[in-house]
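Novice: One structure follows; several queries about it will come next.
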Amino acid sequence: MHNSLDPRQRTQSNMAYLRSILRSGKNAVPAVLRREFHRTLQAAMQVTVRDAIKEAMDEELERDERVFLLGEEVALFEGAYKVTRGLWKKYGDKRIIDTPIAEIGFTGIAVGAAMAGLRPVVEYMSFNFSMQSVDHIINSAAKTYYMSGGLQPVSIVFRGPNGAAPGVAAQHAQCFAAWYGHVPGLKVVSPWSAEDAKGLLKSAIRDDNPVVFLENEIMYGVPFEMSEESQSKDFLIPIGKAKIERKGNHVTLVSHSHVVSRCMDAAAVLAKDGIECEVINLRTIRPMDMEAIETSVLKTKHLITVEGGWPQFGVGGEILARIMEGPGFGYLNAPAVRVTGVDIPMPYAKLLEENTLPQIKDIVFSVKKMLNV
Amino acid sequence: TYADFTPQATFDIKKCDLHKLEEGPPLQAVLTREEGLQYYRTMQTMRRMELKADQLYKQKIIRGFCHLYDGQEACAVGIEAGINLSDHLITAYRAHGYTLTRGGTVREIMAELTGRRGGIAKGKGGSMHMYTKHFYGGNGIVGAQVPLGAGVALACKYLGKNELCVCLYGDGAANQGQIFETYNMASLWKLPCIFICENNKYGMGTSVERAAASTDYYKRGDFIPGLRLDGMDVLCVREATKFAAEHCRSGKGPILMELQTYRYHGHSMSDPGVSYRTREEIQEVRSKSDPISMLKDRMLSNNMASVEELKEIDVEVRKEIEDAAQF
């Protein structure tokens with residue numbers, strides 16, 4: 001399989017593999033020097049986040065007749081970001097439905113279909129467009145199971161790219177993790193890696209609750225190593241459990257979505273100075289895995305949350321409040337801090353845009369400041 | 001004796017206004033004695049239940065929002081008579097009548113209104129959030145129920161069960177954008193959906209002329225065929241619903257009905273209902289167009305029931321409501 005790659009493809013996939021090693025926190029130097037480098041590459045399954053999302057949907061569509069997809073351009077166009085490529089050809093008009101540009105209308109229709117027993121997956125071309133539908137997500141979906149005294153479940157998934165994307169400017173770059181994370185009755189998931197995306201989306205589709213599934217455009221094209229286990233059709237990652245992407249003893253970095261990549265890169269930089277970061281990939285915003293964060297804080301005694309969203313009333317604010325209310329507070333050697341996106345609408349100019357999101361240098365700076373080095 | 005009564009009679013009913021339809025529902029309706037008594041009992045139960053809710057609200061035992069349906073009984077009863085319980089229905093918050101016709105009991109409705117555990121939603125929903133099998137509430141955000149209902153219709157079509165969904169909304173919500181998005185998709189995808197506008201002439205305190213550039217609600221589905229009819233006549237409503245159901249079940253896609261009706265109470269219990277309309281108008285509708293009186297007169301003048309028999313039903317209904325309201 002590997003031998004069929006041309007030299008340029010081989011270099012590209014080697015680089016991708018190297019990046020995934022770096023991000024995984026394993027020591028890169030032995031991996032590169034290892035004679036088995038090429039043989040290891042052959043056994044590893046490289047899957048982009050985009051393909052992992054598609055695989056999840058394909059498997060769940062096959063498994064359960066009641067699952068169907070709807071959204072703008074999901075069928076013939078194969079998805080605005082090509083996430084649903086091939087699905088319409090395989091499943092047809094009944095199960096992959098192109099909608100007109102009518103977010104509040106088609107979201108209401110999807111929620112109604114869920115009330116009547118189907119299991120829709122609604123794609124938003126961008127979660128920015130979900131604001132048109134937010135009444136249905138909250139009032140028709142999230143609250144219904146409770147309001148009806150348990151009579152009316154709503155099994156539905158709302159998915160699409162959330163947060164920053166390069167050059168799309170203010171109206172297309174907002175992060176909705178905090179908005180949806182606020183609402184009882186919703187589950188809110190924010191995957192980072194390909195395995196996250198696949199396992200969590202499958203769990204979300206099988207979950208009987210309304211789930212908001214926040215993808216990110218920056219991550220779509222990024223390949224990750226997928227374990228053999230994750231290639232099974234019943235591979236599920238439980239919603240509500242965070243993952244330690246990198247172990248460390250000196251400081252806990254908590255993040256979600258594409259920003260986890262930056263934390264991993266920052267951790268690699270800090271490691272050169274002998275500072276070992278523990279990077280937690282939240283994976284789920286609601287219900288949040290505070291236990292994982294607390295366990296880590298008990299060990300490292302230092303906490304920094306890192307997110308792309310705005311600072312006020314954000315994910316980081318919630319984590320810091322809960323740490324104060326829980327056992328973790330007593331273990332902190334310094335006040336916990338948040339590193340967030342800048343409190344402005346996302347600018348267009350590249351330099352401004354870059355400086356609006358937490359950069360590696362911002363994370364490194366925060367860690368060194370907290371540790372007084 | 002009961003054997004002396006006319007077993008059934010045929011009544012002339014008003015012609016419907018049609019939009020994009022060659023033919024409309026029939027101009028005559030056959031009513032059997034059993035049907036008549038059942039419609040009478042249900043409408044009377046609905047009427048007394050709403051009046052009881054009025055009383056309990058004034059005693060502060062029911063709190064928050066309470067939107068009463070008295071005056072509009074012929075709509076809920078007529079619609080249910082035109083569909084099956086296996087069909088689906090959704091409406092906004094003036095929903096107590098539909099909760100009853102869709103299988104809820106007076107007891108569980110009263111318990112829900114008064115926030116008790118025996119309520120239809122265990123006391124967690126209240127007046128606006130009651131659900132039964134194939135009845136999706138009870139929705140607080142007017143307009144939202146229309147795409148929801150089209151979604152239920154999509155599920156009906158998807159699952160191939162020959163069921164349809166009735167989506168109700170008022171003259172107020174008829175101006176909501178999401179309803180037009182729904183008309184478009186329901187029509188594109190030929191969803192088995194009966195859109196029904198209950199036009200009671202006032203959206204809260206705003207009369208239809210002050211809210212809508214076009215008050216021909218039955219035409220506002222544009223490419224969707226529509227009917228406008230007298231919503232105070234239970235037989236008219238029933239025949240039109242049967243006609244609409246046939247249209248949907250034959251795969252022709254959605255259809256729209258406008259029922260011209262009237263509510264005696266204000267918009268809700270916090271609205272006396274006389275700052276934007278006259279007492280004379282309310283009184284006139286009560287005396288000339290009351291749905292229960294209309295049915296009663298028809299049955300009595302055709303010897304389909306006796307005055308005593310109907311009085312007996314009234315007494316039974318009153319008792320049922322009283323019992324249900326006990327704590």
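Chain labels A, B, ... are given in the sequence in which chains occur in the structure tokens; within each chain residues are numbered consecutively from 1, and ligands are likewise numbered from 1 in the order shown.
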Could you pull out the strand (DSSP E) residues of region 8-181 of chain B, going by DSSP on the backbone, and write them as a list of chain:residue names?

Specialist: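 Answer for region 8-181 of chain B, restricted to strand (DSSP E): B:Gln8, B:Ala9, B:Thr10, B:Phe11, B:Asp12, B:Asp17, B:Leu18, B:His19, B:Gln28, B:Ala29, B:Val30, B:Leu31, B:Thr32, B:His88, B:Leu89, B:Ile90, B:Cys165, B:Val166, B:Cys167, B:Leu168, B:Tyr169, B:Gly170.
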
Novice: Chain B residues within 6 Å of chain A, counting only C-alpha atoms: which ones, as a ChimeraX atom specification?

Specialist: /B:121-122,124-125,147-152,155,178,181-182

Novice: Using only N, CA and C atoms, please write the residues we just selected to a file, as a short mmCIF file (atom, residue, chain, number, x, y, z; two decimals), in the first residue's frame.

Specialist:
```cif
data_model
loop_
_atom_site.label_atom_id
_atom_site.label_comp_id
_atom_site.auth_asym_id
_atom_site.auth_seq_id
_atom_site.Cartn_x
_atom_site.Cartn_y
_atom_site.Cartn_z
N ALA B 121 -48.30 16.33 31.84
CA ALA B 121 -46.84 16.47 31.74
C ALA B 121 -46.22 16.49 33.14
N LYS B 122 -46.87 15.80 34.07
CA LYS B 122 -46.40 15.71 35.45
C LYS B 122 -46.25 17.07 36.12
N LYS B 124 -44.96 19.67 34.89
CA LYS B 124 -43.75 20.39 34.47
C LYS B 124 -43.99 21.28 33.26
N GLY B 125 -45.14 21.14 32.63
CA GLY B 125 -45.37 21.91 31.41
C GLY B 125 -46.32 23.07 31.60
N PRO B 147 -43.44 24.72 11.22
CA PRO B 147 -42.42 23.81 10.69
C PRO B 147 -42.34 22.50 11.45
N LEU B 148 -42.57 22.53 12.76
CA LEU B 148 -42.55 21.28 13.53
C LEU B 148 -43.58 20.31 12.94
N GLY B 149 -44.77 20.83 12.68
CA GLY B 149 -45.83 19.99 12.11
C GLY B 149 -45.46 19.46 10.74
N ALA B 150 -44.82 20.29 9.93
CA ALA B 150 -44.39 19.82 8.61
C ALA B 150 -43.34 18.72 8.77
N GLY B 151 -42.53 18.83 9.81
CA GLY B 151 -41.56 17.79 10.10
C GLY B 151 -42.23 16.49 10.48
N VAL B 152 -43.29 16.58 11.24
CA VAL B 152 -44.06 15.38 11.58
C VAL B 152 -44.63 14.78 10.29
N ALA B 155 -42.05 12.88 8.52
CA ALA B 155 -41.88 11.55 9.12
C ALA B 155 -42.99 10.61 8.65
N GLN B 178 -41.30 31.98 9.31
CA GLN B 178 -41.02 30.56 9.24
C GLN B 178 -42.20 29.77 8.65
N GLU B 181 -41.53 29.79 4.98
CA GLU B 181 -40.47 28.83 4.68
C GLU B 181 -41.05 27.42 4.66
N THR B 182 -41.97 27.18 5.59
CA THR B 182 -42.59 25.86 5.68
C THR B 182 -43.50 25.59 4.49
#
```

Novice: When distances are computed from only C-alpha atoms, which of A:Met264, A:Ala271, A:Leu214, A:Leu200 shows the smallest separation from Cys175 (chain A)?

Specialist: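 Of all the options, A:Leu214 lies closest to Cys175 (chain A).
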
Novice: DSSP on the backbone: what in region 203-239 of chain B comes out helix (DSSP H, G or I), as a list of chain:residue names?

Specialist: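 Residues of region 203-239 of chain B classed as helix (DSSP H, G or I): B:Val208, B:Glu209, B:Arg210, B:Ala211, B:Tyr217, B:Tyr218, B:Lys219, B:Val234, B:Leu235, B:Cys236, B:Val237, B:Arg238, B:Glu239.
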
Novice: Could the residues in this selection be saved with N, CA and C atoms as an mmCIF file, in the first residue's frame?

Specialist:
```cif
data_model
loop_
_atom_site.group_PDB
_atom_site.id
_atom_site.type_symbol
_atom_site.label_atom_id
_atom_site.label_comp_id
_atom_site.auth_asym_id
_atom_site.auth_seq_id
_atom_site.Cartn_x
_atom_site.Cartn_y
_atom_site.Cartn_z
ATOM 1 N N VAL B 208 -57.186 41.731 12.706
ATOM 2 C CA VAL B 208 -56.538 41.248 11.489
ATOM 3 C C VAL B 208 -56.204 42.375 10.503
ATOM 4 N N GLU B 209 -57.124 43.379 10.415
ATOM 5 C CA GLU B 209 -56.870 44.476 9.457
ATOM 6 C C GLU B 209 -55.623 45.261 9.832
ATOM 7 N N ARG B 210 -55.291 45.286 11.111
ATOM 8 C CA ARG B 210 -54.131 46.069 11.566
ATOM 9 C C ARG B 210 -52.838 45.278 11.535
ATOM 10 N N ALA B 211 -52.929 43.988 11.260
ATOM 11 C CA ALA B 211 -51.716 43.156 11.293
ATOM 12 C C ALA B 211 -51.312 42.610 9.932
ATOM 13 N N TYR B 217 -56.279 34.689 4.552
ATOM 14 C CA TYR B 217 -55.276 33.744 5.032
ATOM 15 C C TYR B 217 -55.260 32.458 4.222
ATOM 16 N N TYR B 218 -56.404 32.089 3.669
ATOM 17 C CA TYR B 218 -56.464 30.837 2.901
ATOM 18 C C TYR B 218 -55.742 30.941 1.564
ATOM 19 N N LYS B 219 -55.417 32.187 1.159
ATOM 20 C CA LYS B 219 -54.704 32.371 -0.109
ATOM 21 C C LYS B 219 -53.207 32.558 0.109
ATOM 22 N N VAL B 234 -69.681 22.982 13.166
ATOM 23 C CA VAL B 234 -68.876 21.764 13.315
ATOM 24 C C VAL B 234 -68.970 20.869 12.079
ATOM 25 N N LEU B 235 -70.106 20.897 11.409
ATOM 26 C CA LEU B 235 -70.252 20.048 10.222
ATOM 27 C C LEU B 235 -69.439 20.593 9.056
ATOM 28 N N CYS B 236 -69.420 21.894 8.916
ATOM 29 C CA CYS B 236 -68.620 22.555 7.889
ATOM 30 C C CYS B 236 -67.148 22.195 8.078
ATOM 31 N N VAL B 237 -66.713 22.308 9.327
ATOM 32 C CA VAL B 237 -65.310 22.022 9.638
ATOM 33 C C VAL B 237 -64.999 20.557 9.341
ATOM 34 N N ARG B 238 -65.907 19.694 9.707
ATOM 35 C CA ARG B 238 -65.673 18.269 9.500
ATOM 36 C C ARG B 238 -65.557 17.941 8.015
ATOM 37 N N GLU B 239 -66.492 18.440 7.211
ATOM 38 C CA GLU B 239 -66.478 18.118 5.786
ATOM 39 C C GLU B 239 -65.238 18.682 5.105
#
```

Novice: Name the residues in contact with Cys75 (chain B) at a cut-off of 8 Å, using only C-alpha atoms, excluding same-chain residues fewer than 6 positions from it; report them as a list in words.

Specialist: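 What passes the distance filter is Glu198, Gly231, Met232, Val234, Val237, Leu259 and Thr261 of chain B.
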
Novice: Please produce an output containing C-alpha atoms for each residue in the selection, written as a PDB file, in the first residue's frame.

Specialist:
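Now in part_15.pdb:
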```
ATOM      1  CA  GLU B 198     -57.870  29.533  13.115  1.00  0.00           C
ATOM      2  CA  GLY B 231     -65.374  27.678  11.785  1.00  0.00           C
ATOM      3  CA  MET B 232     -68.435  27.972  14.033  1.00  0.00           C
ATOM      4  CA  VAL B 234     -68.876  21.764  13.315  1.00  0.00           C
ATOM      5  CA  VAL B 237     -65.310  22.022   9.638  1.00  0.00           C
ATOM      6  CA  LEU B 259     -61.504  28.593   9.791  1.00  0.00           C
ATOM      7  CA  THR B 261     -64.075  31.518  14.286  1.00  0.00           C
TER       8      THR B 261
END
```

Novice: Compile the contact shell of Gly143 (chain B) as a list in words: residues with an atom at most 9 Å away, counting only C-alpha atoms, same-chain residues fewer than 5 positions apart removed.

Specialist: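 Within the cut-off, the hits are Ala92, Tyr169, Gly170, Gly172, Ala173, Ala174, Asn175, Gln176, Gly177, Gln178 and Ile179 of chain B.
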
Novice: Write out as a ChimeraX atom specification the residues lying within 9 Å of region 231-238 of chain A, counting only C-alpha atoms and excluding same-chain residues fewer than 2 positions away.

Specialist: /A:45,56,59-60,195-196,198-204,226-229,240-241
